[in-house]
Amino acid sequence: MGRNIVETIVGALVLLVAGVFVFYAFAKSDRGSPNGYEIIARFDRIDGLKRGADVTVSGVKVGAVTGFELDRSTYQAIVRMMVSANLDLPVDTHAKIVSESLLGSMVIILEPGSDKTMIKAGGEIDKTQGAIPLSELIAKFMFGGTGSK
């Protein structure tokens, strides 16, 4: 009988410690609800971009991709992203989809312009560059072009 009580207490302690670790991991991760405002950008290609992908300025994470959809009239991808509330982006900001590394995931890089007018919540980034597939980059490097006209 005494052994069952000790095993129950040890089991409860193990579960408690595991719960504390899970809580700590979620508290320190960037997976919480983003605090900021949403903007959109239209891209011709978003190959490999996922919901939750980082949005960066100068290598610093300032937001995340919250979703995307297809514009049925222009056939462009509309990407929604949440950026930090304390970040003011000029209206001439340029957005690019690039690979984080050779085998890494895709991220959106924002390059702020110099305009004095800022993008408001719900605004749109007009200057964009879509994702370039790895096969096209390799073909361009090897053959000096992609072969498509």
# chains A, B, ... in the order shown; residues from 1 in each chain; ligands from 1
call {"tool": "select_by_dssp", "arguments": {"residues": "region 26-115 of chain A", "states": "strand (DSSP E or B)", "output": "PDB file with N, CA and C atoms, in the first residue's frame"}}
result
ATOM      1  N   GLY A  36      -0.128  43.442 -33.450  1.00  0.00           N
ATOM      2  CA  GLY A  36       0.258  44.362 -34.500  1.00  0.00           C
ATOM      3  C   GLY A  36      -0.898  44.641 -35.436  1.00  0.00           C
ATOM      4  N   TYR A  37      -0.565  44.927 -36.673  1.00  0.00           N
ATOM      5  CA  TYR A  37      -1.591  45.226 -37.661  1.00  0.00           C
ATOM      6  C   TYR A  37      -1.334  44.391 -38.921  1.00  0.00           C
ATOM      7  N   GLU A  38      -2.416  44.150 -39.660  1.00  0.00           N
ATOM      8  CA  GLU A  38      -2.319  43.306 -40.847  1.00  0.00           C
ATOM      9  C   GLU A  38      -2.163  44.153 -42.102  1.00  0.00           C
ATOM     10  N   ILE A  39      -1.280  43.700 -42.987  1.00  0.00           N
ATOM     11  CA  ILE A  39      -1.123  44.297 -44.305  1.00  0.00           C
ATOM     12  C   ILE A  39      -1.138  43.166 -45.323  1.00  0.00           C
ATOM     13  N   ILE A  40      -1.317  43.523 -46.589  1.00  0.00           N
ATOM     14  CA  ILE A  40      -1.301  42.501 -47.629  1.00  0.00           C
ATOM     15  C   ILE A  40      -0.290  42.876 -48.699  1.00  0.00           C
ATOM     16  N   ALA A  41       0.086  41.865 -49.490  1.00  0.00           N
ATOM     17  CA  ALA A  41       0.949  42.065 -50.645  1.00  0.00           C
ATOM     18  C   ALA A  41       0.544  41.035 -51.689  1.00  0.00           C
ATOM     19  N   ARG A  42       0.647  41.402 -52.956  1.00  0.00           N
ATOM     20  CA  ARG A  42       0.300  40.499 -54.057  1.00  0.00           C
ATOM     21  C   ARG A  42       1.580  40.036 -54.737  1.00  0.00           C
ATOM     22  N   PHE A  43       1.694  38.723 -54.914  1.00  0.00           N
ATOM     23  CA  PHE A  43       2.877  38.134 -55.532  1.00  0.00           C
ATOM     24  C   PHE A  43       2.468  37.275 -56.721  1.00  0.00           C
ATOM     25  N   ASP A  54       8.112  33.679 -41.279  1.00  0.00           N
ATOM     26  CA  ASP A  54       8.610  34.941 -40.738  1.00  0.00           C
ATOM     27  C   ASP A  54       8.512  36.070 -41.764  1.00  0.00           C
ATOM     28  N   VAL A  55       8.262  37.265 -41.255  1.00  0.00           N
ATOM     29  CA  VAL A  55       8.365  38.503 -42.015  1.00  0.00           C
ATOM     30  C   VAL A  55       9.481  39.287 -41.343  1.00  0.00           C
ATOM     31  N   THR A  56      10.515  39.659 -42.123  1.00  0.00           N
ATOM     32  CA  THR A  56      11.688  40.288 -41.522  1.00  0.00           C
ATOM     33  C   THR A  56      12.015  41.621 -42.168  1.00  0.00           C
ATOM     34  N   VAL A  57      12.682  42.461 -41.392  1.00  0.00           N
ATOM     35  CA  VAL A  57      13.281  43.703 -41.871  1.00  0.00           C
ATOM     36  C   VAL A  57      14.721  43.687 -41.381  1.00  0.00           C
ATOM     37  N   VAL A  60      15.676  40.990 -38.896  1.00  0.00           N
ATOM     38  CA  VAL A  60      14.979  40.949 -37.606  1.00  0.00           C
ATOM     39  C   VAL A  60      13.514  40.593 -37.851  1.00  0.00           C
ATOM     40  N   LYS A  61      13.021  39.593 -37.139  1.00  0.00           N
ATOM     41  CA  LYS A  61      11.627  39.192 -37.303  1.00  0.00           C
ATOM     42  C   LYS A  61      10.714  40.299 -36.783  1.00  0.00           C
ATOM     43  N   VAL A  62       9.806  40.758 -37.663  1.00  0.00           N
ATOM     44  CA  VAL A  62       8.873  41.817 -37.288  1.00  0.00           C
ATOM     45  C   VAL A  62       7.419  41.387 -37.458  1.00  0.00           C
ATOM     46  N   GLY A  63       7.210  40.147 -37.888  1.00  0.00           N
ATOM     47  CA  GLY A  63       5.850  39.686 -38.090  1.00  0.00           C
ATOM     48  C   GLY A  63       5.817  38.274 -38.627  1.00  0.00           C
ATOM     49  N   ALA A  64       4.611  37.880 -39.071  1.00  0.00           N
ATOM     50  CA  ALA A  64       4.411  36.530 -39.580  1.00  0.00           C
ATOM     51  C   ALA A  64       3.314  36.534 -40.638  1.00  0.00           C
ATOM     52  N   VAL A  65       3.387  35.565 -41.534  1.00  0.00           N
ATOM     53  CA  VAL A  65       2.355  35.382 -42.554  1.00  0.00           C
ATOM     54  C   VAL A  65       1.136  34.784 -41.868  1.00  0.00           C
ATOM     55  N   THR A  66      -0.028  35.404 -42.052  1.00  0.00           N
ATOM     56  CA  THR A  66      -1.247  34.902 -41.411  1.00  0.00           C
ATOM     57  C   THR A  66      -2.143  34.143 -42.368  1.00  0.00           C
ATOM     58  N   GLY A  67      -1.934  34.305 -43.658  1.00  0.00           N
ATOM     59  CA  GLY A  67      -2.745  33.571 -44.614  1.00  0.00           C
ATOM     60  C   GLY A  67      -2.506  34.035 -46.026  1.00  0.00           C
ATOM     61  N   PHE A  68      -3.082  33.300 -46.969  1.00  0.00           N
ATOM     62  CA  PHE A  68      -2.980  33.679 -48.371  1.00  0.00           C
ATOM     63  C   PHE A  68      -4.165  33.134 -49.136  1.00  0.00           C
ATOM     64  N   GLU A  69      -4.439  33.770 -50.265  1.00  0.00           N
ATOM     65  CA  GLU A  69      -5.550  33.356 -51.112  1.00  0.00           C
ATOM     66  C   GLU A  69      -5.227  33.770 -52.540  1.00  0.00           C
ATOM     67  N   LEU A  70      -5.999  33.275 -53.489  1.00  0.00           N
ATOM     68  CA  LEU A  70      -5.799  33.583 -54.898  1.00  0.00           C
ATOM     69  C   LEU A  70      -6.780  34.648 -55.340  1.00  0.00           C
ATOM     70  N   ALA A  77      -1.265  35.727 -56.033  1.00  0.00           N
ATOM     71  CA  ALA A  77      -1.457  35.292 -54.656  1.00  0.00           C
ATOM     72  C   ALA A  77      -1.491  36.523 -53.752  1.00  0.00           C
ATOM     73  N   ILE A  78      -2.533  36.609 -52.944  1.00  0.00           N
ATOM     74  CA  ILE A  78      -2.641  37.684 -51.960  1.00  0.00           C
ATOM     75  C   ILE A  78      -2.154  37.120 -50.635  1.00  0.00           C
ATOM     76  N   VAL A  79      -1.084  37.690 -50.110  1.00  0.00           N
ATOM     77  CA  VAL A  79      -0.494  37.219 -48.861  1.00  0.00           C
ATOM     78  C   VAL A  79      -0.841  38.207 -47.758  1.00  0.00           C
ATOM     79  N   ARG A  80      -1.421  37.688 -46.684  1.00  0.00           N
ATOM     80  CA  ARG A  80      -1.750  38.509 -45.517  1.00  0.00           C
ATOM     81  C   ARG A  80      -0.655  38.293 -44.471  1.00  0.00           C
ATOM     82  N   MET A  81      -0.185  39.386 -43.908  1.00  0.00           N
ATOM     83  CA  MET A  81       0.845  39.280 -42.872  1.00  0.00           C
ATOM     84  C   MET A  81       0.560  40.249 -41.739  1.00  0.00           C
ATOM     85  N   MET A  82       0.878  39.812 -40.544  1.00  0.00           N
ATOM     86  CA  MET A  82       0.741  40.629 -39.345  1.00  0.00           C
ATOM     87  C   MET A  82       2.126  41.152 -38.996  1.00  0.00           C
ATOM     88  N   VAL A  83       2.255  42.478 -38.904  1.00  0.00           N
ATOM     89  CA  VAL A  83       3.538  43.075 -38.542  1.00  0.00           C
ATOM     90  C   VAL A  83       3.403  43.791 -37.201  1.00  0.00           C
ATOM     91  N   SER A  84       4.514  43.960 -36.543  1.00  0.00           N
ATOM     92  CA  SER A  84       4.564  44.556 -35.210  1.00  0.00           C
ATOM     93  C   SER A  84       3.907  45.936 -35.180  1.00  0.00           C
ATOM     94  N   PRO A  90       6.989  52.607 -44.695  1.00  0.00           N
ATOM     95  CA  PRO A  90       6.645  53.573 -45.740  1.00  0.00           C
ATOM     96  C   PRO A  90       5.854  52.898 -46.867  1.00  0.00           C
ATOM     97  N   HIS A  94       9.321  47.568 -50.239  1.00  0.00           N
ATOM     98  CA  HIS A  94       9.439  46.474 -51.204  1.00  0.00           C
ATOM     99  C   HIS A  94       9.390  45.152 -50.437  1.00  0.00           C
ATOM    100  N   ALA A  95       8.601  44.177 -50.903  1.00  0.00           N
ATOM    101  CA  ALA A  95       8.489  42.872 -50.251  1.00  0.00           C
ATOM    102  C   ALA A  95       8.997  41.790 -51.190  1.00  0.00           C
ATOM    103  N   LYS A  96       9.850  40.894 -50.673  1.00  0.00           N
ATOM    104  CA  LYS A  96      10.405  39.790 -51.466  1.00  0.00           C
ATOM    105  C   LYS A  96      10.205  38.483 -50.715  1.00  0.00           C
ATOM    106  N   ILE A  97       9.933  37.430 -51.469  1.00  0.00           N
ATOM    107  CA  ILE A  97       9.887  36.085 -50.889  1.00  0.00           C
ATOM    108  C   ILE A  97      11.201  35.407 -51.244  1.00  0.00           C
ATOM    109  N   VAL A  98      11.949  35.019 -50.224  1.00  0.00           N
ATOM    110  CA  VAL A  98      13.244  34.370 -50.432  1.00  0.00           C
ATOM    111  C   VAL A  98      13.355  33.149 -49.531  1.00  0.00           C
ATOM    112  N   SER A  99      14.291  32.284 -49.871  1.00  0.00           N
ATOM    113  CA  SER A  99      14.556  31.115 -49.052  1.00  0.00           C
ATOM    114  C   SER A  99      15.495  31.504 -47.922  1.00  0.00           C
ATOM    115  N   MET A 106      10.725  29.356 -46.680  1.00  0.00           N
ATOM    116  CA  MET A 106      10.615  30.663 -47.316  1.00  0.00           C
ATOM    117  C   MET A 106      10.213  31.718 -46.276  1.00  0.00           C
ATOM    118  N   VAL A 107      10.727  32.916 -46.453  1.00  0.00           N
ATOM    119  CA  VAL A 107      10.399  34.054 -45.587  1.00  0.00           C
ATOM    120  C   VAL A 107      10.105  35.262 -46.459  1.00  0.00           C
ATOM    121  N   ILE A 108       9.443  36.245 -45.889  1.00  0.00           N
ATOM    122  CA  ILE A 108       9.213  37.508 -46.593  1.00  0.00           C
ATOM    123  C   ILE A 108      10.154  38.547 -46.007  1.00  0.00           C
ATOM    124  N   ILE A 109      10.919  39.167 -46.897  1.00  0.00           N
ATOM    125  CA  ILE A 109      11.834  40.232 -46.493  1.00  0.00           C
ATOM    126  C   ILE A 109      11.215  41.559 -46.918  1.00  0.00           C
ATOM    127  N   LEU A 110      11.084  42.462 -45.977  1.00  0.00           N
ATOM    128  CA  LEU A 110      10.580  43.803 -46.261  1.00  0.00           C
ATOM    129  C   LEU A 110      11.753  44.767 -46.313  1.00  0.00           C
ATOM    130  N   GLU A 111      11.820  45.562 -47.379  1.00  0.00           N
ATOM    131  CA  GLU A 111      12.853  46.586 -47.514  1.00  0.00           C
ATOM    132  C   GLU A 111      12.159  47.940 -47.528  1.00  0.00           C
TER     133      GLU A 111
END
call {"tool": "select_by_dssp", "arguments": {"residues": "chain A", "states": "helix (DSSP H, G or I)", "output": "mmCIF file with N, CA, C and O atoms, in the first residue's frame"}}
result
data_model
loop_
_atom_site.group_PDB
_atom_site.id
_atom_site.type_symbol
_atom_site.label_atom_id
_atom_site.label_comp_id
_atom_site.auth_asym_id
_atom_site.auth_seq_id
_atom_site.Cartn_x
_atom_site.Cartn_y
_atom_site.Cartn_z
ATOM 1 N N GLY A 2 1.928 1.268 0.793
ATOM 2 C CA GLY A 2 2.828 2.412 0.871
ATOM 3 C C GLY A 2 3.549 2.650 -0.447
ATOM 4 O O GLY A 2 3.835 3.784 -0.808
ATOM 5 N N ARG A 3 3.836 1.566 -1.161
ATOM 6 C CA ARG A 3 4.530 1.681 -2.448
ATOM 7 C C ARG A 3 3.630 2.356 -3.491
ATOM 8 O O ARG A 3 4.104 3.146 -4.297
ATOM 9 N N ASN A 4 2.344 2.063 -3.492
ATOM 10 C CA ASN A 4 1.405 2.678 -4.438
ATOM 11 C C ASN A 4 1.296 4.184 -4.219
ATOM 12 O O ASN A 4 1.185 4.950 -5.169
ATOM 13 N N ILE A 5 1.317 4.610 -2.985
ATOM 14 C CA ILE A 5 1.233 6.038 -2.678
ATOM 15 C C ILE A 5 2.487 6.756 -3.169
ATOM 16 O O ILE A 5 2.399 7.833 -3.768
ATOM 17 N N VAL A 6 3.661 6.158 -2.941
ATOM 18 C CA VAL A 6 4.922 6.755 -3.394
ATOM 19 C C VAL A 6 4.932 6.845 -4.924
ATOM 20 O O VAL A 6 5.314 7.870 -5.503
ATOM 21 N N GLU A 7 4.502 5.784 -5.600
ATOM 22 C CA GLU A 7 4.459 5.798 -7.073
ATOM 23 C C GLU A 7 3.486 6.860 -7.581
ATOM 24 O O GLU A 7 3.759 7.538 -8.562
ATOM 25 N N THR A 8 2.373 7.029 -6.925
ATOM 26 C CA THR A 8 1.392 8.039 -7.315
ATOM 27 C C THR A 8 1.962 9.442 -7.134
ATOM 28 O O THR A 8 1.805 10.306 -8.005
ATOM 29 N N ILE A 9 2.643 9.689 -6.037
ATOM 30 C CA ILE A 9 3.246 10.995 -5.779
ATOM 31 C C ILE A 9 4.345 11.290 -6.801
ATOM 32 O O ILE A 9 4.415 12.388 -7.359
ATOM 33 N N VAL A 10 5.201 10.312 -7.080
ATOM 34 C CA VAL A 10 6.271 10.505 -8.065
ATOM 35 C C VAL A 10 5.673 10.759 -9.453
ATOM 36 O O VAL A 10 6.121 11.637 -10.190
ATOM 37 N N GLY A 11 4.651 10.013 -9.818
ATOM 38 C CA GLY A 11 3.980 10.220 -11.105
ATOM 39 C C GLY A 11 3.377 11.606 -11.211
ATOM 40 O O GLY A 11 3.464 12.274 -12.246
ATOM 41 N N ALA A 12 2.751 12.076 -10.140
ATOM 42 C CA ALA A 12 2.167 13.414 -10.131
ATOM 43 C C ALA A 12 3.246 14.482 -10.276
ATOM 44 O O ALA A 12 3.058 15.476 -10.988
ATOM 45 N N LEU A 13 4.376 14.293 -9.606
ATOM 46 C CA LEU A 13 5.485 15.244 -9.728
ATOM 47 C C LEU A 13 6.035 15.281 -11.152
ATOM 48 O O LEU A 13 6.331 16.360 -11.682
ATOM 49 N N VAL A 14 6.163 14.105 -11.778
ATOM 50 C CA VAL A 14 6.655 14.052 -13.155
ATOM 51 C C VAL A 14 5.693 14.798 -14.084
ATOM 52 O O VAL A 14 6.105 15.577 -14.950
ATOM 53 N N LEU A 15 4.391 14.576 -13.927
ATOM 54 C CA LEU A 15 3.400 15.277 -14.751
ATOM 55 C C LEU A 15 3.427 16.789 -14.499
ATOM 56 O O LEU A 15 3.288 17.578 -15.437
ATOM 57 N N LEU A 16 3.615 17.179 -13.250
ATOM 58 C CA LEU A 16 3.689 18.593 -12.918
ATOM 59 C C LEU A 16 4.906 19.249 -13.573
ATOM 60 O O LEU A 16 4.794 20.324 -14.166
ATOM 61 N N VAL A 17 6.059 18.603 -13.498
ATOM 62 C CA VAL A 17 7.278 19.138 -14.114
ATOM 63 C C VAL A 17 7.107 19.211 -15.636
ATOM 64 O O VAL A 17 7.484 20.203 -16.267
ATOM 65 N N ALA A 18 6.517 18.182 -16.243
ATOM 66 C CA ALA A 18 6.274 18.199 -17.694
ATOM 67 C C ALA A 18 5.340 19.340 -18.064
ATOM 68 O O ALA A 18 5.551 20.028 -19.071
ATOM 69 N N GLY A 19 4.315 19.564 -17.277
ATOM 70 C CA GLY A 19 3.393 20.671 -17.528
ATOM 71 C C GLY A 19 4.084 22.019 -17.444
ATOM 72 O O GLY A 19 3.812 22.919 -18.245
ATOM 73 N N VAL A 20 4.980 22.182 -16.474
ATOM 74 C CA VAL A 20 5.731 23.431 -16.339
ATOM 75 C C VAL A 20 6.604 23.650 -17.573
ATOM 76 O O VAL A 20 6.678 24.761 -18.108
ATOM 77 N N PHE A 21 7.266 22.600 -18.060
ATOM 78 C CA PHE A 21 8.090 22.725 -19.268
ATOM 79 C C PHE A 21 7.255 23.096 -20.491
ATOM 80 O O PHE A 21 7.649 23.932 -21.293
ATOM 81 N N VAL A 22 6.094 22.491 -20.661
ATOM 82 C CA VAL A 22 5.221 22.815 -21.792
ATOM 83 C C VAL A 22 4.762 24.266 -21.699
ATOM 84 O O VAL A 22 4.787 24.999 -22.689
ATOM 85 N N PHE A 23 4.350 24.705 -20.530
ATOM 86 C CA PHE A 23 3.929 26.095 -20.347
ATOM 87 C C PHE A 23 5.069 27.050 -20.665
ATOM 88 O O PHE A 23 4.880 28.051 -21.358
ATOM 89 N N TYR A 24 6.269 26.754 -20.187
ATOM 90 C CA TYR A 24 7.433 27.603 -20.437
ATOM 91 C C TYR A 24 7.743 27.670 -21.931
ATOM 92 O O TYR A 24 8.041 28.740 -22.463
ATOM 93 N N ALA A 25 7.668 26.532 -22.606
ATOM 94 C CA ALA A 25 7.967 26.495 -24.042
ATOM 95 C C ALA A 25 6.979 27.364 -24.823
ATOM 96 O O ALA A 25 7.367 28.119 -25.718
ATOM 97 N N PHE A 26 5.695 27.275 -24.512
ATOM 98 C CA PHE A 26 4.702 28.093 -25.207
ATOM 99 C C PHE A 26 4.839 29.575 -24.852
ATOM 100 O O PHE A 26 4.642 30.440 -25.695
ATOM 101 N N ALA A 27 5.195 29.871 -23.631
ATOM 102 C CA ALA A 27 5.339 31.261 -23.208
ATOM 103 C C ALA A 27 6.523 31.931 -23.907
ATOM 104 O O ALA A 27 6.470 33.124 -24.220
ATOM 105 N N LYS A 28 7.589 31.201 -24.163
ATOM 106 C CA LYS A 28 8.793 31.766 -24.772
ATOM 107 C C LYS A 28 8.814 31.666 -26.290
ATOM 108 O O LYS A 28 9.692 32.224 -26.927
ATOM 109 N N LEU A 134 14.029 27.033 -57.071
ATOM 110 C CA LEU A 134 15.422 26.611 -57.057
ATOM 111 C C LEU A 134 15.854 26.082 -58.416
ATOM 112 O O LEU A 134 16.972 26.324 -58.866
ATOM 113 N N SER A 135 14.967 25.377 -59.122
ATOM 114 C CA SER A 135 15.317 24.824 -60.439
ATOM 115 C C SER A 135 15.634 25.944 -61.432
ATOM 116 O O SER A 135 16.537 25.811 -62.263
ATOM 117 N N GLU A 136 14.910 27.055 -61.360
ATOM 118 C CA GLU A 136 15.200 28.187 -62.254
ATOM 119 C C GLU A 136 16.545 28.823 -61.908
ATOM 120 O O GLU A 136 17.282 29.232 -62.803
ATOM 121 N N LEU A 137 16.856 28.925 -60.625
ATOM 122 C CA LEU A 137 18.146 29.484 -60.237
ATOM 123 C C LEU A 137 19.297 28.612 -60.731
ATOM 124 O O LEU A 137 20.305 29.120 -61.225
ATOM 125 N N ILE A 138 19.148 27.296 -60.587
ATOM 126 C CA ILE A 138 20.200 26.379 -61.046
ATOM 127 C C ILE A 138 20.355 26.474 -62.560
ATOM 128 O O ILE A 138 21.467 26.526 -63.083
ATOM 129 N N ALA A 139 19.230 26.509 -63.293
ATOM 130 C CA ALA A 139 19.294 26.623 -64.751
ATOM 131 C C ALA A 139 19.943 27.936 -65.172
ATOM 132 O O ALA A 139 20.749 27.965 -66.109
ATOM 133 N N LYS A 140 19.613 29.006 -64.480
ATOM 134 C CA LYS A 140 20.199 30.304 -64.811
ATOM 135 C C LYS A 140 21.701 30.284 -64.566
ATOM 136 O O LYS A 140 22.476 30.808 -65.362
ATOM 137 N N PHE A 141 22.108 29.648 -63.481
ATOM 138 C CA PHE A 141 23.531 29.553 -63.165
ATOM 139 C C PHE A 141 24.265 28.685 -64.177
ATOM 140 O O PHE A 141 25.331 29.037 -64.660
ATOM 141 N N MET A 142 23.695 27.532 -64.530
ATOM 142 C CA MET A 142 24.371 26.575 -65.413
ATOM 143 C C MET A 142 24.339 26.999 -66.881
ATOM 144 O O MET A 142 25.319 26.832 -67.600
ATOM 145 N N PHE A 143 23.202 27.519 -67.336
ATOM 146 C CA PHE A 143 23.036 27.768 -68.749
ATOM 147 C C PHE A 143 22.920 29.244 -69.098
ATOM 148 O O PHE A 143 22.716 29.586 -70.253
#
call {"tool": "atom_distance", "arguments": {"atom1": "CA of Glu100 (chain A)", "atom2": "CA of Asp115 (chain A)"}}
result
27.7 Å
call {"tool": "atom_distance", "arguments": {"atom1": "CA of Ala121 (chain A)", "atom2": "CA of Asp92 (chain A)"}}
result
15.1 Å
call {"tool": "atom_distance", "arguments": {"atom1": "CA of Tyr75 (chain A)", "atom2": "CA of Asp44 (chain A)"}}
result
7.8 Å
